[in-house]
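target-v3.csv (CSV, C-alpha atoms)
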chain,number,residue,atom,x,y,z
A,1,MET,CA,0.0,0.0,0.0
A,2,ARG,CA,1.1,3.6,-0.6
A,3,GLU,CA,-0.1,6.9,0.9
A,4,VAL,CA,-1.0,9.4,-1.7
A,5,GLN,CA,-2.6,12.9,-1.7
A,6,VAL,CA,-6.3,12.9,-2.5
A,7,ARG,CA,-7.1,14.7,-5.7
A,8,ARG,CA,-9.7,17.4,-5.1
A,9,GLY,CA,-12.4,18.3,-7.5
A,10,LEU,CA,-15.1,21.0,-7.9
A,11,PRO,CA,-16.9,22.5,-4.8
A,12,ARG,CA,-20.2,21.0,-3.9
A,13,GLU,CA,-21.8,24.4,-3.8
A,14,PRO,CA,-21.1,27.8,-5.3
A,15,GLY,CA,-18.3,29.6,-3.4
A,16,GLY,CA,-17.5,26.6,-1.3
A,17,GLU,CA,-14.3,24.7,-0.8
A,18,PRO,CA,-13.1,22.1,-3.3
A,19,TRP,CA,-14.5,18.7,-2.6
A,20,PRO,CA,-13.4,16.3,-1.1
A,21,ALA,CA,-11.5,17.8,1.8
A,22,ALA,CA,-7.7,17.9,1.6
A,23,GLY,CA,-6.0,14.8,3.0
A,24,THR,CA,-4.3,11.5,2.1
A,25,ALA,CA,-5.5,8.0,1.3
A,26,PHE,CA,-3.9,4.6,0.8
A,27,VAL,CA,-3.9,2.8,-2.6
A,28,ALA,CA,-2.5,-0.5,-3.7
A,29,MET,CA,0.9,-0.4,-5.5
A,30,ARG,CA,1.4,-2.1,-8.9
A,31,ALA,CA,4.4,-4.3,-9.5
A,32,ASP,CA,5.9,-1.9,-12.0
A,33,ASP,CA,5.4,1.2,-9.8
A,34,ASP,CA,8.6,3.0,-8.6
A,35,ALA,CA,8.5,3.7,-4.9
A,36,ASP,CA,10.5,6.9,-5.4
A,37,ALA,CA,8.4,8.2,-8.3
A,38,PRO,CA,6.3,11.4,-7.7
A,39,THR,CA,2.8,11.0,-6.5
A,40,GLU,CA,1.4,12.6,-9.7
A,41,LYS,CA,2.8,9.8,-11.9
A,42,THR,CA,2.1,6.9,-9.6
A,43,ALA,CA,-1.5,7.7,-8.8
A,44,PRO,CA,-3.1,9.4,-11.7
A,45,ALA,CA,-6.6,8.3,-10.8
A,46,THR,CA,-8.8,10.3,-8.4
A,47,VAL,CA,-9.2,8.6,-5.0
A,48,GLU,CA,-12.5,9.3,-3.4
A,49,PRO,CA,-13.8,8.4,0.1
A,50,ALA,CA,-16.1,5.4,0.4
A,51,GLY,CA,-19.7,6.3,-0.1
A,52,ALA,CA,-19.1,9.6,-1.8
A,53,PRO,CA,-20.7,10.3,-5.2
A,54,SER,CA,-18.4,10.0,-8.2
A,55,THR,CA,-17.1,13.1,-9.8
A,56,ASP,CA,-16.3,11.3,-13.1
A,57,PRO,CA,-18.9,12.3,-15.7
A,58,ALA,CA,-18.4,9.0,-17.5
A,59,SER,CA,-19.7,7.1,-14.4
A,60,HIS,CA,-23.1,8.7,-14.8
A,61,ALA,CA,-23.4,8.0,-18.5
A,62,GLY,CA,-24.4,4.3,-17.9
A,63,PRO,CA,-22.8,1.3,-19.4
A,64,SER,CA,-21.4,1.7,-22.9
A,65,PRO,CA,-22.9,-0.5,-25.5
A,66,ALA,CA,-20.8,-3.5,-26.5
A,67,LYS,CA,-19.1,-3.1,-29.9
A,68,SER,CA,-20.0,-5.9,-32.3
A,69,PRO,CA,-16.9,-7.4,-34.0
A,70,ALA,CA,-16.3,-6.4,-37.5
A,71,PRO,CA,-17.5,-9.0,-40.0
A,72,ARG,CA,-14.7,-11.1,-41.4
A,73,LYS,CA,-14.3,-11.4,-45.1
A,74,SER,CA,-14.8,-14.9,-46.4
A,75,HIS,CA,-12.1,-16.1,-48.8
A,76,GLN,CA,-13.6,-19.3,-50.2
A,77,PRO,CA,-11.3,-21.3,-52.5
A,78,PRO,CA,-12.5,-21.8,-56.0
A,79,SER,CA,-14.5,-24.9,-56.6
A,80,ALA,CA,-13.1,-28.0,-58.4
A,81,ALA,CA,-15.2,-27.2,-61.4
A,82,ILE,CA,-13.9,-23.7,-61.6
A,83,ARG,CA,-10.3,-25.0,-61.3
A,84,TRP,CA,-10.8,-27.6,-64.0
A,85,ALA,CA,-12.4,-25.0,-66.3
A,86,GLY,CA,-9.5,-22.7,-65.8
A,87,ALA,CA,-7.0,-25.4,-66.5
A,88,ILE,CA,-8.8,-26.5,-69.6
A,89,ALA,CA,-9.0,-22.9,-70.8
A,90,ALA,CA,-5.3,-22.3,-70.2
A,91,LEU,CA,-4.5,-25.6,-72.0
A,92,ALA,CA,-6.6,-24.6,-75.0
A,93,ALA,CA,-5.0,-21.2,-75.1
A,94,LEU,CA,-1.5,-22.8,-75.1
A,95,VAL,CA,-2.5,-25.2,-77.9
A,96,VAL,CA,-3.7,-22.3,-80.0
A,97,VAL,CA,-0.5,-20.4,-79.4
A,98,VAL,CA,1.7,-23.4,-80.2
A,99,VAL,CA,-0.2,-24.3,-83.4
A,100,ALA,CA,-0.3,-20.7,-84.6
A,101,GLY,CA,3.4,-20.2,-83.9
A,102,SER,CA,4.4,-23.5,-85.6
A,103,ARG,CA,2.4,-22.7,-88.7
A,104,TRP,CA,4.0,-19.3,-88.8
A,105,LEU,CA,7.5,-20.9,-88.6
A,106,LEU,CA,6.7,-23.3,-91.4
A,107,SER,CA,5.6,-20.4,-93.6
A,108,LEU,CA,9.2,-19.0,-93.5
A,109,ASP,CA,11.3,-19.9,-96.5
A,110,GLY,CA,14.3,-21.1,-94.3
A,111,VAL,CA,12.2,-23.3,-92.2
A,112,ALA,CA,10.3,-24.8,-95.2
A,113,ALA,CA,13.7,-25.6,-96.8
A,114,PHE,CA,14.8,-27.3,-93.6
A,115,VAL,CA,11.7,-29.5,-93.5
A,116,ASP,CA,12.3,-30.4,-97.2
A,117,ASP,CA,15.9,-31.5,-96.4
A,118,TYR,CA,14.8,-33.4,-93.2
A,119,PRO,CA,11.3,-34.6,-93.7
A,120,GLY,CA,11.3,-36.7,-90.5
A,121,THR,CA,12.3,-40.3,-91.3
A,122,THR,CA,16.0,-41.4,-91.5
A,123,ALA,CA,17.1,-43.8,-94.2
A,124,GLU,CA,18.1,-46.4,-91.5
A,125,ALA,CA,14.6,-46.5,-90.1
A,126,GLN,CA,13.2,-47.0,-93.5
A,127,ARG,CA,15.4,-49.9,-94.2
A,128,ALA,CA,14.2,-51.6,-91.0
A,129,GLY,CA,10.8,-52.0,-92.6
A,130,ILE,CA,7.4,-51.2,-91.2
A,131,GLU,CA,5.9,-54.7,-90.7
A,132,ILE,CA,5.7,-55.8,-87.1
A,133,PRO,CA,6.3,-59.5,-86.3
A,134,ALA,CA,3.9,-61.5,-84.2
A,135,TRP,CA,6.1,-61.8,-81.2
A,136,LEU,CA,6.4,-58.0,-81.0
A,137,GLU,CA,2.6,-57.6,-81.1
A,138,TRP,CA,2.3,-59.9,-78.1
A,139,GLN,CA,5.1,-58.1,-76.3
A,140,HIS,CA,3.4,-54.8,-76.9
A,141,PHE,CA,0.2,-56.0,-75.4
A,142,PHE,CA,1.8,-57.6,-72.3
A,143,ASN,CA,3.9,-54.5,-71.7
A,144,VAL,CA,0.9,-52.2,-71.8
A,145,PHE,CA,-1.2,-54.7,-69.6
A,146,LEU,CA,1.5,-54.9,-66.9
A,147,MET,CA,2.3,-51.2,-67.0
A,148,ALA,CA,-1.3,-50.3,-66.4
A,149,LEU,CA,-1.5,-52.6,-63.4
A,150,ILE,CA,1.9,-51.4,-62.1
A,151,VAL,CA,0.7,-47.7,-62.2
A,152,ARG,CA,-2.6,-48.7,-60.5
A,153,THR,CA,-1.1,-50.7,-57.7
A,154,GLY,CA,1.7,-48.1,-57.2
A,155,LEU,CA,-0.9,-45.3,-56.7
A,156,MET,CA,-2.8,-47.6,-54.3
A,157,VAL,CA,0.3,-48.2,-52.2
A,158,SER,CA,1.2,-44.5,-52.1
A,159,ARG,CA,-2.3,-43.7,-50.7
A,160,GLN,CA,-2.5,-46.5,-48.1
A,161,THR,CA,-2.6,-45.5,-44.5
A,162,ARG,CA,-3.9,-48.7,-43.0
A,163,PRO,CA,-3.5,-51.7,-45.3
A,164,GLU,CA,-6.3,-54.2,-45.4
A,165,ALA,CA,-3.9,-57.1,-45.5
A,166,TYR,CA,-0.3,-58.0,-45.3
A,167,TRP,CA,2.1,-60.4,-47.1
A,168,ALA,CA,5.2,-62.1,-45.6
A,169,ARG,CA,7.6,-64.8,-46.7
A,170,ARG,CA,7.1,-68.2,-45.1
A,171,SER,CA,10.8,-68.1,-44.2
A,172,ASP,CA,10.4,-64.8,-42.4
A,173,PRO,CA,6.8,-64.3,-41.3
A,174,ARG,CA,7.7,-61.4,-39.0
A,175,THR,CA,8.8,-59.1,-41.8
A,176,ARG,CA,5.6,-58.0,-43.5
A,177,VAL,CA,4.7,-55.7,-46.4
A,178,SER,CA,1.2,-54.6,-47.4
A,179,LEU,CA,-0.5,-57.0,-49.8
A,180,MET,CA,-0.8,-54.2,-52.4
A,181,ALA,CA,3.0,-53.5,-52.1
A,182,TRP,CA,3.7,-57.2,-52.7
A,183,THR,CA,1.3,-57.2,-55.7
A,184,HIS,CA,3.1,-54.1,-57.1
A,185,GLN,CA,6.5,-55.7,-56.8
A,186,ALA,CA,5.3,-59.0,-58.2
A,187,LEU,CA,4.0,-57.2,-61.3
A,188,ASP,CA,7.4,-55.4,-61.5
A,189,VAL,CA,9.1,-58.8,-61.7
A,190,LEU,CA,6.8,-59.9,-64.5
A,191,TRP,CA,7.4,-56.6,-66.3
A,192,VAL,CA,11.1,-56.8,-66.1
A,193,THR,CA,11.0,-60.5,-67.3
A,194,ASN,CA,8.9,-59.4,-70.3
A,195,GLY,CA,11.4,-56.5,-71.0
A,196,VAL,CA,14.4,-58.9,-70.9
A,197,VAL,CA,12.6,-61.2,-73.4
A,198,TYR,CA,11.8,-58.2,-75.6
A,199,ALA,CA,15.4,-56.9,-75.6
A,200,VAL,CA,16.9,-60.3,-76.5
A,201,ALA,CA,14.4,-60.8,-79.3
A,202,LEU,CA,14.9,-57.2,-80.5
A,203,PHE,CA,18.6,-57.7,-81.1
A,204,ALA,CA,18.3,-61.3,-82.2
A,205,THR,CA,15.9,-60.4,-85.1
A,206,GLY,CA,17.3,-57.1,-86.2
A,207,GLN,CA,14.2,-55.2,-85.1
A,208,TRP,CA,16.5,-53.0,-82.9
A,209,GLN,CA,17.0,-50.8,-86.0
A,210,ARG,CA,13.5,-49.5,-85.4
A,211,ILE,CA,14.3,-47.7,-82.2
A,212,VAL,CA,18.1,-47.4,-82.0
A,213,PRO,CA,19.4,-44.3,-83.9
A,214,THR,CA,22.6,-45.0,-86.0
A,215,SER,CA,23.0,-41.5,-87.5
A,216,TRP,CA,23.2,-38.0,-86.1
A,217,ASP,CA,20.6,-37.1,-88.8
A,218,VAL,CA,18.0,-38.3,-86.4
A,219,PHE,CA,18.0,-35.1,-84.4
A,220,PRO,CA,17.2,-32.6,-87.3
A,221,HIS,CA,14.7,-35.1,-88.5
A,222,ALA,CA,13.1,-35.2,-85.1
A,223,VAL,CA,13.0,-31.4,-84.9
A,224,SER,CA,11.3,-31.3,-88.3
A,225,THR,CA,8.8,-33.9,-87.3
A,226,GLY,CA,8.0,-32.2,-84.0
A,227,LEU,CA,7.4,-28.9,-85.8
A,228,GLN,CA,5.0,-30.6,-88.2
A,229,TYR,CA,3.1,-32.3,-85.4
A,230,ALA,CA,2.9,-29.0,-83.5
A,231,ALA,CA,1.4,-27.3,-86.5
A,232,LEU,CA,-1.2,-30.1,-86.8
A,233,MET,CA,0.4,-30.9,-90.2
A,234,PRO,CA,1.9,-34.4,-89.5
A,235,PRO,CA,3.9,-36.2,-92.1
A,236,SER,CA,1.9,-38.1,-94.7
A,237,HIS,CA,0.6,-41.4,-93.7
A,238,ALA,CA,3.0,-43.3,-96.0
A,239,GLU,CA,5.9,-41.7,-94.1
A,240,ALA,CA,4.3,-42.1,-90.7
A,241,ALA,CA,3.7,-45.8,-91.2
A,242,GLY,CA,7.3,-46.4,-90.2
A,243,TYR,CA,9.0,-45.0,-87.2
A,244,ASN,CA,9.9,-41.4,-87.9
A,245,ALA,CA,12.8,-39.8,-86.1
A,246,LEU,CA,10.7,-38.4,-83.2
A,247,GLN,CA,9.2,-41.8,-82.6
A,248,GLN,CA,12.6,-43.5,-82.8
A,249,LEU,CA,14.0,-41.1,-80.2
A,250,GLY,CA,10.9,-41.5,-78.0
A,251,TYR,CA,11.0,-45.3,-78.1
A,252,PHE,CA,14.8,-45.4,-77.5
A,253,THR,CA,14.4,-43.1,-74.5
A,254,THR,CA,11.6,-45.2,-73.1
A,255,VAL,CA,13.3,-48.6,-73.6
A,256,PHE,CA,16.9,-47.8,-72.8
A,257,VAL,CA,16.7,-44.8,-70.4
A,258,ALA,CA,13.3,-44.6,-68.6
A,259,ALA,CA,12.9,-48.4,-68.1
A,260,PRO,CA,16.3,-48.9,-66.5
A,261,LEU,CA,15.7,-45.9,-64.2
A,262,ALA,CA,12.3,-47.4,-63.2
A,263,ILE,CA,13.9,-50.8,-62.5
A,264,ALA,CA,16.8,-49.4,-60.5
A,265,SER,CA,14.7,-47.0,-58.4
A,266,GLY,CA,12.0,-49.6,-57.8
A,267,ALA,CA,14.5,-52.3,-56.8
A,268,ARG,CA,15.9,-49.9,-54.1
A,269,MET,CA,12.5,-49.5,-52.6
A,270,SER,CA,11.5,-53.1,-52.8
A,271,MET,CA,11.7,-56.0,-50.4
A,272,PHE,CA,14.4,-57.6,-52.5
A,273,TRP,CA,17.0,-54.9,-51.7
A,274,PRO,CA,19.6,-56.2,-49.2
A,275,ALA,CA,19.2,-54.5,-45.8
A,276,GLY,CA,22.9,-53.8,-45.5
A,277,TRP,CA,23.1,-51.8,-48.8
A,278,THR,CA,22.3,-48.4,-47.6
A,279,ARG,CA,24.7,-46.2,-49.6
A,280,VAL,CA,21.8,-45.4,-52.0
A,281,PRO,CA,19.1,-43.6,-49.9
A,282,VAL,CA,15.5,-44.7,-50.2
A,283,SER,CA,14.5,-41.0,-50.5
A,284,ALA,CA,16.6,-40.6,-53.7
A,285,ALA,CA,14.9,-43.6,-55.2
A,286,ARG,CA,11.4,-42.3,-54.4
A,287,SER,CA,12.2,-38.9,-55.8
A,288,LEU,CA,13.2,-40.6,-59.1
A,289,HIS,CA,10.6,-43.3,-59.3
A,290,PHE,CA,7.5,-41.1,-59.4
A,291,PRO,CA,8.7,-38.8,-62.2
A,292,VAL,CA,9.6,-41.8,-64.3
A,293,MET,CA,6.1,-43.2,-63.8
A,294,LEU,CA,4.7,-39.9,-65.0
A,295,TYR,CA,6.9,-40.1,-68.1
A,296,PHE,CA,5.5,-43.5,-68.9
A,297,VAL,CA,1.9,-42.2,-68.5
A,298,VAL,CA,2.6,-39.1,-70.7
A,299,PHE,CA,4.4,-41.2,-73.3
A,300,THR,CA,1.5,-43.7,-73.5
A,301,VAL,CA,-1.1,-41.0,-73.9
A,302,LEU,CA,0.9,-39.3,-76.7
A,303,HIS,CA,1.6,-42.7,-78.3
A,304,VAL,CA,-2.1,-43.7,-78.4
A,305,GLY,CA,-3.1,-40.3,-79.6
A,306,LEU,CA,-0.7,-40.4,-82.6
A,307,VAL,CA,-1.8,-43.9,-83.4
A,308,LEU,CA,-5.4,-42.9,-83.6
A,309,SER,CA,-4.8,-39.6,-85.4
A,310,THR,CA,-2.4,-40.7,-88.1
A,311,GLY,CA,-4.4,-43.5,-89.8
A,312,ALA,CA,-6.1,-45.4,-86.9
A,313,LEU,CA,-7.2,-48.5,-89.0
A,314,ASP,CA,-3.9,-49.0,-90.7
A,315,ASN,CA,-1.8,-48.5,-87.5
A,316,LEU,CA,-4.0,-50.8,-85.5
A,317,ASN,CA,-3.8,-53.5,-88.1
A,318,ARG,CA,0.0,-53.3,-88.1
A,319,MET,CA,0.1,-53.5,-84.3
A,320,TYR,CA,-2.4,-56.3,-83.8
A,321,ALA,CA,-2.7,-58.1,-87.2
A,322,GLY,CA,0.9,-57.8,-88.4
A,323,SER,CA,0.1,-55.9,-91.6
A,324,GLY,CA,-1.5,-52.8,-92.9
A,325,ALA,CA,-4.0,-54.8,-95.0
A,326,ASP,CA,-7.5,-53.4,-95.5
A,327,SER,CA,-9.2,-55.3,-92.7
A,328,TRP,CA,-11.0,-54.7,-89.4
A,329,VAL,CA,-8.9,-57.0,-87.3
A,330,GLY,CA,-7.0,-54.2,-85.5
A,331,LEU,CA,-10.1,-52.2,-84.9
A,332,VAL,CA,-11.7,-55.2,-83.2
A,333,VAL,CA,-8.7,-56.4,-81.2
A,334,PHE,CA,-7.7,-53.0,-79.9
A,335,PRO,CA,-11.0,-52.3,-78.0
A,336,ALA,CA,-11.0,-55.9,-76.8
A,337,SER,CA,-7.5,-55.4,-75.3
A,338,LEU,CA,-8.8,-52.3,-73.5
A,339,VAL,CA,-11.6,-54.2,-72.0
A,340,VAL,CA,-9.2,-56.8,-70.7
A,341,ILE,CA,-6.9,-54.2,-69.2
A,342,GLY,CA,-9.9,-52.3,-67.7
A,343,GLY,CA,-11.2,-55.5,-66.1
A,344,ALA,CA,-7.8,-56.2,-64.6
A,345,LEU,CA,-7.6,-52.7,-63.2
A,346,VAL,CA,-11.0,-53.2,-61.5
A,347,ALA,CA,-10.0,-56.6,-60.2
A,348,VAL,CA,-6.8,-55.5,-58.5
A,349,ARG,CA,-8.0,-55.4,-54.9
A,350,PRO,CA,-7.0,-57.3,-51.7
A,351,ILE,CA,-10.0,-59.7,-51.8
A,352,VAL,CA,-9.0,-60.9,-55.4
A,353,VAL,CA,-5.2,-60.8,-54.9
A,354,ALA,CA,-5.1,-62.5,-51.5
A,355,PRO,CA,-5.5,-66.1,-52.9
A,356,LEU,CA,-2.6,-65.6,-55.3
A,357,GLY,CA,-0.5,-64.1,-52.5
A,358,ARG,CA,-1.1,-67.2,-50.3
A,359,VAL,CA,0.5,-69.3,-53.1
A,360,PHE,CA,3.8,-67.5,-52.6
A,361,GLY,CA,3.7,-66.5,-48.9
A,362,ILE,CA,1.6,-65.8,-45.9
A,363,VAL,CA,-1.4,-63.4,-46.1
A,364,SER,CA,-2.7,-62.0,-42.9
A,365,GLY,CA,-5.1,-59.3,-41.7
A,366,ARG,CA,-4.3,-56.2,-39.7

Please, can you express the file's structure as structure tokens?
Amino acid sequence: MREVQVRRGLPREPGGEPWPAAGTAFVAMRADDDADAPTEKTAPATVEPAGAPSTDPASHAGPSPAKSPAPRKSHQPPSAAIRWAGAIAALAALVVVVVAGSRWLLSLDGVAAFVDDYPGTTAEAQRAGIEIPAWLEWQHFFNVFLMALIVRTGLMVSRQTRPEAYWARRSDPRTRVSLMAWTHQALDVLWVTNGVVYAVALFATGQWQRIVPTSWDVFPHAVSTGLQYAALMPPSHAEAAGYNALQQLGYFTTVFVAAPLAIASGARMSMFWPAGWTRVPVSAARSLHFPVMLYFVVFTVLHVGLVLSTGALDNLNRMYAGSGADSWVGLVVFPASLVVIGGALVAVRPIVVAPLGRVFGIVSGR
């Protein structure tokens, strides 16, 4: 407590003494008050005797109305439909710009002369022929079938928080992985086996000339082909029936660059990787594996789009019937293959995969 002088106010009556009477009073000290500070600074408020009416005008004004909080502005994120519409509009604008710019470039004399000198197909690719052998047709289907399932199961594994079932080796039942992870890795083994058979047959039959460039001319030919596709003026169907330079580089990159990267990064994350080999971090394999998967998806979409837009019937006959004869075999087999792949994608779930998993190991619940 501290003794302070009472602050005096106006007289109670005209000509009278200031009220209240002069004197002192005791007030509670705050923790931050300085004991040596002047009274005027430490006790700024008027101290009035108990029972005396207040001299503060504000005390007679009644309680002040409570202030209502200012309304908050609502910042709602755009809906999914609006985001999709914006993305589609941006993509359409980009396509228009690319097509218009490419056609303008092709109208220039220098660019037109470049396209005449490098139409898009190298002599080596032409000598390899355009007929597709039967073994390559089956390899093509198995590759697409397995890749679709691998992408599907890989996405399922990445989204799992609590797996419905687990798989373990009979020799080591305590070390478990989710059943979908085992399915993904089992499909990887089949895909790698199919790829090894494909590579051996490719070089044994001379079909490697389709996808392995043997001349530096492939690069200007690829630039020319890309420019023609961008302008929506693809090479004539007779030239596109074989592998043009852009296709050749694309297939070469897919088979000899993307596939080995997918195998190496997938092996590092798999249950087959020895526990003691830790020099290659798992995080590095994950950061590489997903972009490679996206590459395969984009490549497949572009590949199918070009097949259907550059003579669908002839291209499908060469892929599924072995020749470009005037028939409907390819147009029948292609949709049938899509139905088979779609059915397999729907069937890949624990209740269907579990019996197969029990053949190779132990399947258990949570």

Please tabulate, as a tab-separated table, the residues of stretch 140-188 of chain A that come within 10 Å of stretch 329-346 of chain A, each with its closest pair of atoms and the distance in Å to one decimal, counting only C-alpha atoms and ordering rows by chain, then residue number upward.
residue	atom	partner	partner_atom	distance
A:Phe141	CA	A:Ser337	CA	7.7
A:Phe142	CA	A:Ile341	CA	9.8
A:Val144	CA	A:Ile341	CA	8.5
A:Phe145	CA	A:Ile341	CA	5.7
A:Leu146	CA	A:Ile341	CA	8.7
A:Met147	CA	A:Ile341	CA	9.9
A:Ala148	CA	A:Ile341	CA	7.4
A:Leu149	CA	A:Leu345	CA	6.1
A:Ile150	CA	A:Leu345	CA	9.7
A:Val151	CA	A:Leu345	CA	9.7
A:Arg152	CA	A:Leu345	CA	6.9
A:Thr153	CA	A:Leu345	CA	8.7

Subject >> Selection near stretch 283-300 of chain A, 7 Å with only C-alpha atoms, sequence-local residues under 4 positions removed, as a PyMOL selection string >> reply: chain A and resi 258+262+265-266+268-269+304

Subject >> A:Ser178 surroundings by only C-alpha atoms, 8 Å radius, close-in-sequence under 3 positions cut, as a PyMOL selection string >> reply: chain A and resi 163-167+181-182

Original post:
With distances taken over only C-alpha atoms, which of A:Val218, A:Ala22, A:Leu316, A:Ile263 is nearest to A:Gly195?
Top reply: A:Ile263

Original post:
Could you work out how far atom CA of A:Ile362 lies from atom CA of A:Asp172, giving the answer in Å with one decimal?
Top reply: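 About the pair atom CA of A:Asp172 and atom CA of A:Ile362: they are 9.5 Å apart.
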
**OP:** Give me, please, the distance in Å between atom CA of A:Arg349 and atom CA of A:Arg162, quoted to one decimal.
**Re:**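 Taking atom CA of A:Arg349 as the start and atom CA of A:Arg162 as the end point, the length is 14.3 Å.
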
**OP:** For atom CA of A:Thr253 and atom CA of A:Gly226, quote the distance in Å rounded to one decimal.
**Re:** 15.8 Å

Original post:
Looking at A:Val97, A:Asp217, A:Trp277, A:Leu302, which one is nearest to A:Gly250, with distances taken over only C-alpha atoms?
Top reply: A:Leu302

**OP:** May I ask which of the residues A:Ala89, A:Met180, A:Val99, A:Leu94 is the closest one to A:Leu232, counting all atoms listed in the file?
**Re:**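 Looking only at the distances to A:Leu232, the closest residue turns out to be A:Val99.
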
Just add N, CA and C atoms to stretch 336-351 of chain A and send it as a compact mmCIF listing (two decimals), keeping the file's coordinate frame.
# COMPACT_ATOMS: atom_id res chain seq x y z
N ALA A 336 -10.96 -54.74 -77.64
CA ALA A 336 -11.00 -55.90 -76.80
C ALA A 336 -9.85 -55.91 -75.78
N SER A 337 -8.68 -55.47 -76.22
CA SER A 337 -7.50 -55.40 -75.30
C SER A 337 -7.78 -54.36 -74.22
N LEU A 338 -8.44 -53.27 -74.56
CA LEU A 338 -8.80 -52.30 -73.50
C LEU A 338 -9.75 -52.80 -72.51
N VAL A 339 -10.69 -53.63 -72.95
CA VAL A 339 -11.60 -54.20 -72.00
C VAL A 339 -10.90 -55.16 -71.05
N VAL A 340 -9.95 -55.94 -71.57
CA VAL A 340 -9.20 -56.80 -70.70
C VAL A 340 -8.38 -56.05 -69.68
N ILE A 341 -7.73 -54.98 -70.14
CA ILE A 341 -6.90 -54.20 -69.20
C ILE A 341 -7.82 -53.48 -68.19
N GLY A 342 -8.96 -52.94 -68.64
CA GLY A 342 -9.90 -52.30 -67.70
C GLY A 342 -10.41 -53.27 -66.66
N GLY A 343 -10.74 -54.49 -67.08
CA GLY A 343 -11.20 -55.50 -66.10
C GLY A 343 -10.15 -55.84 -65.10
N ALA A 344 -8.90 -55.94 -65.54
CA ALA A 344 -7.80 -56.20 -64.60
C ALA A 344 -7.61 -55.09 -63.62
N LEU A 345 -7.74 -53.85 -64.07
CA LEU A 345 -7.60 -52.70 -63.20
C LEU A 345 -8.67 -52.70 -62.09
N VAL A 346 -9.87 -53.09 -62.46
CA VAL A 346 -11.00 -53.20 -61.50
C VAL A 346 -10.75 -54.31 -60.50
N ALA A 347 -10.19 -55.42 -61.00
CA ALA A 347 -10.00 -56.60 -60.20
C ALA A 347 -8.88 -56.54 -59.19
N VAL A 348 -7.96 -55.61 -59.39
CA VAL A 348 -6.80 -55.50 -58.50
C VAL A 348 -7.25 -54.91 -57.16
N ARG A 349 -7.56 -55.78 -56.23
CA ARG A 349 -8.00 -55.40 -54.90
C ARG A 349 -7.63 -56.54 -53.94
N PRO A 350 -7.49 -56.28 -52.65
CA PRO A 350 -7.00 -57.30 -51.70
C PRO A 350 -7.84 -58.62 -51.77
N ILE A 351 -9.16 -58.53 -51.88
CA ILE A 351 -10.00 -59.70 -51.80
C ILE A 351 -9.70 -60.64 -53.04
